[in-house]
Amino acid sequence: SKDSKEENVENTEDEAAMLQRIISSFQANPNDEGKAPAKSSRSPSSSSVGEKGGEKETKEEDEEAIGRTVFVSHIPLNAYKIDLERVMKKFGEIKSCRMVIDKKARKFSGKAFVEYSKASAAKKAAAAHTDAKAGKKERISVNGHLINVYLALNRNGIQDLSDMIKKKTNRPDKRNLYLADEGYIDPSSAAAEGMSEGDARARERSHKEKLEKLKNPNMYVSTTRLMIRNLPPEMKKGELRLLCVKAVKERATKARPKVVQAKILYSEKERGRKVLQSSGRGFVEFEDHEHSLTCLRAMNNNPNFFSTQKRPIVEFAIENSQIVAKLKKRKAEEAERASQKKAKSE
């Protein structure tokens, strides 16, 4: 239920703020002026933080605690804390799992911090992710969605990770490659259970085609336009539009999604006469990226849409920057001509 999910998501700040909070939690609290030094909860009861031995002992334990923590990103928004723990515990015993809330949206951000009982477990988790990205092992996934795992080795390491996140966030990814894995379902994951063989083959083929296209530097991943496969043959674009808006509203009840374009691809078939037949593929473009992402995650591989044997295959569309630039130029020229024609008529 919604309430139980909210209990599993710690009500806190964004990842940068949470990193700082973790650093603070690992550091000894400074003594208030004029007050006796407080005893550290990590140091022995006989040693206070104000004493040299206590300070040294606490710092060493702090460094060890930070070294046990990994930062996890790209977690599906519909995942629960228990889902993440189930995947991450295969690397070792988990001491705590802290899910990150987006400060502005007040919703789960898809990021979390996992602290293990031993630093070796954290290193093992990070190493598994590194090996997976190099193609040596299978990628780590939660509910079929591929995730990223980063290790912070010390206090400076966590701060470096915070700086890296901020830098990556502020640096524009012109091709939006971080969205390339959205919609991908790991065939060996629980999310793939019940998926038909036809759907599994179609997904793998689509994923390979997408990766091949993205080898071209002119191709990029759209942030607002979705490609949807397995559409019922009788579905019209108006029905597709309404279905996608409904999918967003069911997950984000206060959202007001606006669809800019809905399009179904047709092919000509010769049956005595030329008729248009649905190809089972379509595009839906939202005005807002968050609504596109919500629609993707609500519909993708959901047996409640379409049919259990042909579930929706939803991905962010791949666009050609050169073609998009030409279309924008053409629209601008048409708008200019229309404006000039109107001015003359007046």
# chains A, B, ... in the order shown; residues from 1 in each chain; ligands from 1
>>> closest_atom_pairs(of="stretch 221-302 of chain A", to="stretch 180-191 of chain A", cutoff="8 Å", atoms="only C-alpha atoms", output="CSV")
residue,atom,partner,partner_atom,distance
A:Val221,CA,A:Ala180,CA,6.6
A:Leu296,CA,A:Gly183,CA,7.0
A:Arg297,CA,A:Gly183,CA,7.2
A:Asn300,CA,A:Gly183,CA,6.4
>>> write_last_selection(atoms="all heavy atoms", output="mmCIF file, in the first residue's frame")
data_model
loop_
_atom_site.group_PDB
_atom_site.id
_atom_site.type_symbol
_atom_site.label_atom_id
_atom_site.label_comp_id
_atom_site.auth_asym_id
_atom_site.auth_seq_id
_atom_site.Cartn_x
_atom_site.Cartn_y
_atom_site.Cartn_z
ATOM 1 N N VAL A 221 18.715 10.199 -26.863
ATOM 2 C CA VAL A 221 17.509 9.683 -26.206
ATOM 3 C C VAL A 221 16.614 10.866 -25.848
ATOM 4 O O VAL A 221 17.049 11.800 -25.169
ATOM 5 C CB VAL A 221 17.848 8.885 -24.937
ATOM 6 C CG1 VAL A 221 16.582 8.255 -24.354
ATOM 7 C CG2 VAL A 221 18.891 7.818 -25.238
ATOM 8 N N LEU A 296 6.088 5.720 -18.419
ATOM 9 C CA LEU A 296 6.919 4.573 -18.783
ATOM 10 C C LEU A 296 6.921 3.527 -17.673
ATOM 11 O O LEU A 296 6.698 2.338 -17.920
ATOM 12 C CB LEU A 296 8.339 5.043 -19.084
ATOM 13 C CG LEU A 296 9.362 4.000 -19.568
ATOM 14 C CD1 LEU A 296 10.464 4.684 -20.379
ATOM 15 C CD2 LEU A 296 9.997 3.212 -18.428
ATOM 16 N N ARG A 297 7.149 3.975 -16.458
ATOM 17 C CA ARG A 297 7.273 3.040 -15.342
ATOM 18 C C ARG A 297 5.937 2.445 -14.930
ATOM 19 O O ARG A 297 5.894 1.358 -14.351
ATOM 20 C CB ARG A 297 7.962 3.737 -14.169
ATOM 21 C CG ARG A 297 9.429 4.036 -14.473
ATOM 22 C CD ARG A 297 10.119 4.767 -13.358
ATOM 23 N NE ARG A 297 11.562 4.881 -13.629
ATOM 24 C CZ ARG A 297 12.412 5.527 -12.863
ATOM 25 N NH1 ARG A 297 11.999 6.135 -11.772
ATOM 26 N NH2 ARG A 297 13.699 5.572 -13.181
ATOM 27 N N ASN A 300 5.095 0.056 -18.599
ATOM 28 C CA ASN A 300 6.051 -0.910 -19.123
ATOM 29 C C ASN A 300 5.928 -2.289 -18.468
ATOM 30 O O ASN A 300 5.979 -2.408 -17.248
ATOM 31 C CB ASN A 300 7.476 -0.378 -18.928
ATOM 32 C CG ASN A 300 8.510 -1.255 -19.600
ATOM 33 O OD1 ASN A 300 8.351 -1.681 -20.738
ATOM 34 N ND2 ASN A 300 9.581 -1.545 -18.874
#
>>> closest_atom_pairs(of="stretch 107-145 of chain A", to="stretch 64-84 of chain A", cutoff="10 Å", atoms="only C-alpha atoms", output="CSV")
residue,atom,partner,partner_atom,distance
A:Lys107,CA,A:Leu77,CA,8.6
A:Phe108,CA,A:Leu77,CA,6.3
A:Ser109,CA,A:Leu77,CA,6.9
A:Gly110,CA,A:Ile75,CA,4.4
A:Lys111,CA,A:Ser73,CA,4.4
A:Ala112,CA,A:Val72,CA,5.2
A:Phe113,CA,A:Phe71,CA,4.7
A:Val114,CA,A:Val70,CA,5.4
A:Glu115,CA,A:Thr69,CA,4.1
A:Tyr116,CA,A:Arg68,CA,5.2
A:Ser117,CA,A:Arg68,CA,6.8
A:Lys118,CA,A:Arg68,CA,5.9
A:Ala119,CA,A:Arg68,CA,4.1
A:Ser120,CA,A:Arg68,CA,7.5
A:Ala121,CA,A:Arg68,CA,7.3
A:Ala122,CA,A:Arg68,CA,5.3
A:Lys123,CA,A:Arg68,CA,7.9
A:Ala125,CA,A:Val70,CA,8.0
A:Ala126,CA,A:Val70,CA,7.4
A:Ser141,CA,A:Ile75,CA,8.3
A:Val142,CA,A:Leu84,CA,6.3
A:Asn143,CA,A:Ala79,CA,7.1
A:Gly144,CA,A:Pro76,CA,8.7
A:His145,CA,A:Pro76,CA,6.3
>>> closest_residue(among="A:Val324, A:Leu214, A:Leu151, A:Ala332", to="A:Asn176", atoms="only C-alpha atoms")
A:Leu214
>>> residues_around(residues="A:Arg281", least_positions_apart="2", cutoff="6 Å", atoms="only C-alpha atoms", output="PDB file with N, CA and C atoms, in the first residue's frame")
ATOM      1  N   ILE A 228       6.158   3.137 -27.781  1.00  0.00           N
ATOM      2  CA  ILE A 228       5.356   2.084 -27.153  1.00  0.00           C
ATOM      3  C   ILE A 228       5.077   0.998 -28.188  1.00  0.00           C
ATOM      4  N   ARG A 229       5.426  -0.234 -27.852  1.00  0.00           N
ATOM      5  CA  ARG A 229       5.207  -1.380 -28.743  1.00  0.00           C
ATOM      6  C   ARG A 229       4.113  -2.285 -28.172  1.00  0.00           C
ATOM      7  N   LEU A 231       0.994  -2.378 -29.231  1.00  0.00           N
ATOM      8  CA  LEU A 231      -0.324  -1.738 -29.201  1.00  0.00           C
ATOM      9  C   LEU A 231      -1.359  -2.664 -29.829  1.00  0.00           C
ATOM     10  N   LEU A 265       1.942   4.204 -35.711  1.00  0.00           N
ATOM     11  CA  LEU A 265       2.554   3.912 -37.000  1.00  0.00           C
ATOM     12  C   LEU A 265       1.718   2.867 -37.745  1.00  0.00           C
ATOM     13  N   SER A 279       0.894  -1.054 -37.078  1.00  0.00           N
ATOM     14  CA  SER A 279       2.125  -1.833 -36.918  1.00  0.00           C
ATOM     15  C   SER A 279       2.319  -2.290 -35.476  1.00  0.00           C
TER      16      SER A 279
END
>>> residues_around(residues="A:Gly280", least_positions_apart="5", cutoff="12 Å", atoms="only C-alpha atoms", output="number ranges by chain")
A: 227-237, 240, 263-267, 306, 310-313
>>> write_last_selection(atoms="C-alpha atoms", output="short mmCIF file (atom, residue, chain, number, x, y, z; two decimals), in the first residue's frame")
data_model
loop_
_atom_site.label_atom_id
_atom_site.label_comp_id
_atom_site.auth_asym_id
_atom_site.auth_seq_id
_atom_site.Cartn_x
_atom_site.Cartn_y
_atom_site.Cartn_z
CA MET A 227 8.08 4.60 -28.03
CA ILE A 228 5.36 2.08 -27.15
CA ARG A 229 5.21 -1.38 -28.74
CA ASN A 230 2.58 -4.16 -28.67
CA LEU A 231 -0.32 -1.74 -29.20
CA PRO A 232 -3.63 -3.54 -29.89
CA PRO A 233 -4.36 -3.42 -33.65
CA GLU A 234 -7.69 -1.64 -33.12
CA MET A 235 -6.29 1.12 -30.88
CA LYS A 236 -6.56 4.71 -32.16
CA LYS A 237 -4.24 7.57 -31.28
CA LEU A 240 -3.53 5.87 -26.72
CA LYS A 263 0.96 8.89 -32.99
CA ILE A 264 0.43 5.32 -34.18
CA LEU A 265 2.55 3.91 -37.00
CA TYR A 266 0.67 2.25 -39.84
CA SER A 267 1.80 0.11 -42.76
CA PHE A 306 -3.16 -4.60 -23.41
CA LYS A 310 1.61 -8.91 -25.27
CA ARG A 311 2.48 -6.45 -22.54
CA PRO A 312 3.45 -2.84 -23.28
CA ILE A 313 7.11 -2.40 -24.23
#
>>> residues_around(residues="A:His129", least_positions_apart="5", cutoff="9 Å", atoms="only C-alpha atoms", output="ChimeraX atom specification")
/A:124,134,137-140,147-150
>>> select_by_dssp(residues="stretch 293-326 of chain A", states="strand (DSSP E or B)", output="ChimeraX atom specification")
/A:313-320
>>> write_last_selection(atoms="N, CA, C and O atoms", output="CSV table (one decimal), in the first residue's frame")
chain,number,residue,atom,x,y,z
A,313,ILE,N,5.7,-2.6,-24.2
A,313,ILE,CA,7.1,-2.4,-24.2
A,313,ILE,C,7.3,-0.9,-24.4
A,313,ILE,O,7.1,-0.4,-25.5
A,314,VAL,N,7.7,-0.2,-23.3
A,314,VAL,CA,7.8,1.2,-23.3
A,314,VAL,C,9.3,1.7,-23.1
A,314,VAL,O,9.9,1.2,-22.1
A,315,GLU,N,9.8,2.5,-24.0
A,315,GLU,CA,11.1,3.1,-23.8
A,315,GLU,C,11.1,4.5,-24.3
A,315,GLU,O,10.2,5.0,-24.9
A,316,PHE,N,12.1,5.3,-23.9
A,316,PHE,CA,12.3,6.6,-24.4
A,316,PHE,C,12.7,6.5,-25.8
A,316,PHE,O,13.6,5.7,-26.2
A,317,ALA,N,12.1,7.3,-26.7
A,317,ALA,CA,12.4,7.2,-28.1
A,317,ALA,C,13.8,7.7,-28.5
A,317,ALA,O,14.4,8.6,-27.8
A,318,ILE,N,14.4,7.1,-29.5
A,318,ILE,CA,15.7,7.6,-30.0
A,318,ILE,C,15.5,8.6,-31.2
A,318,ILE,O,14.7,8.3,-32.1
A,319,GLU,N,16.1,9.7,-31.1
A,319,GLU,CA,15.9,10.8,-32.1
A,319,GLU,C,17.2,11.1,-32.8
A,319,GLU,O,18.3,10.8,-32.3
A,320,ASN,N,17.1,11.6,-34.0
A,320,ASN,CA,18.2,12.0,-34.8
A,320,ASN,C,18.3,13.5,-34.7
A,320,ASN,O,17.4,14.2,-35.2
>>> select_by_dssp(residues="stretch 101-341 of chain A", states="alpha helix (DSSP H)", output="ChimeraX atom specification")
/A:119-133,155-170,197-213,237-251,289-299,321-341
>>> atom_distance(atom1="atom CA of A:Arg106", atom2="atom CA of A:Ala247")
19.7 Å
>>> closest_residue(among="A:Val259, A:Ala343, A:Met219, A:Cys97", to="A:Leu242", atoms="only C-alpha atoms")
A:Val259
>>> atom_distance(atom1="atom CA of A:Val248", atom2="atom CA of A:Leu146")
22.1 Å
>>> atom_distance(atom1="atom CA of A:Leu293", atom2="atom CA of A:Thr223")
8.3 Å
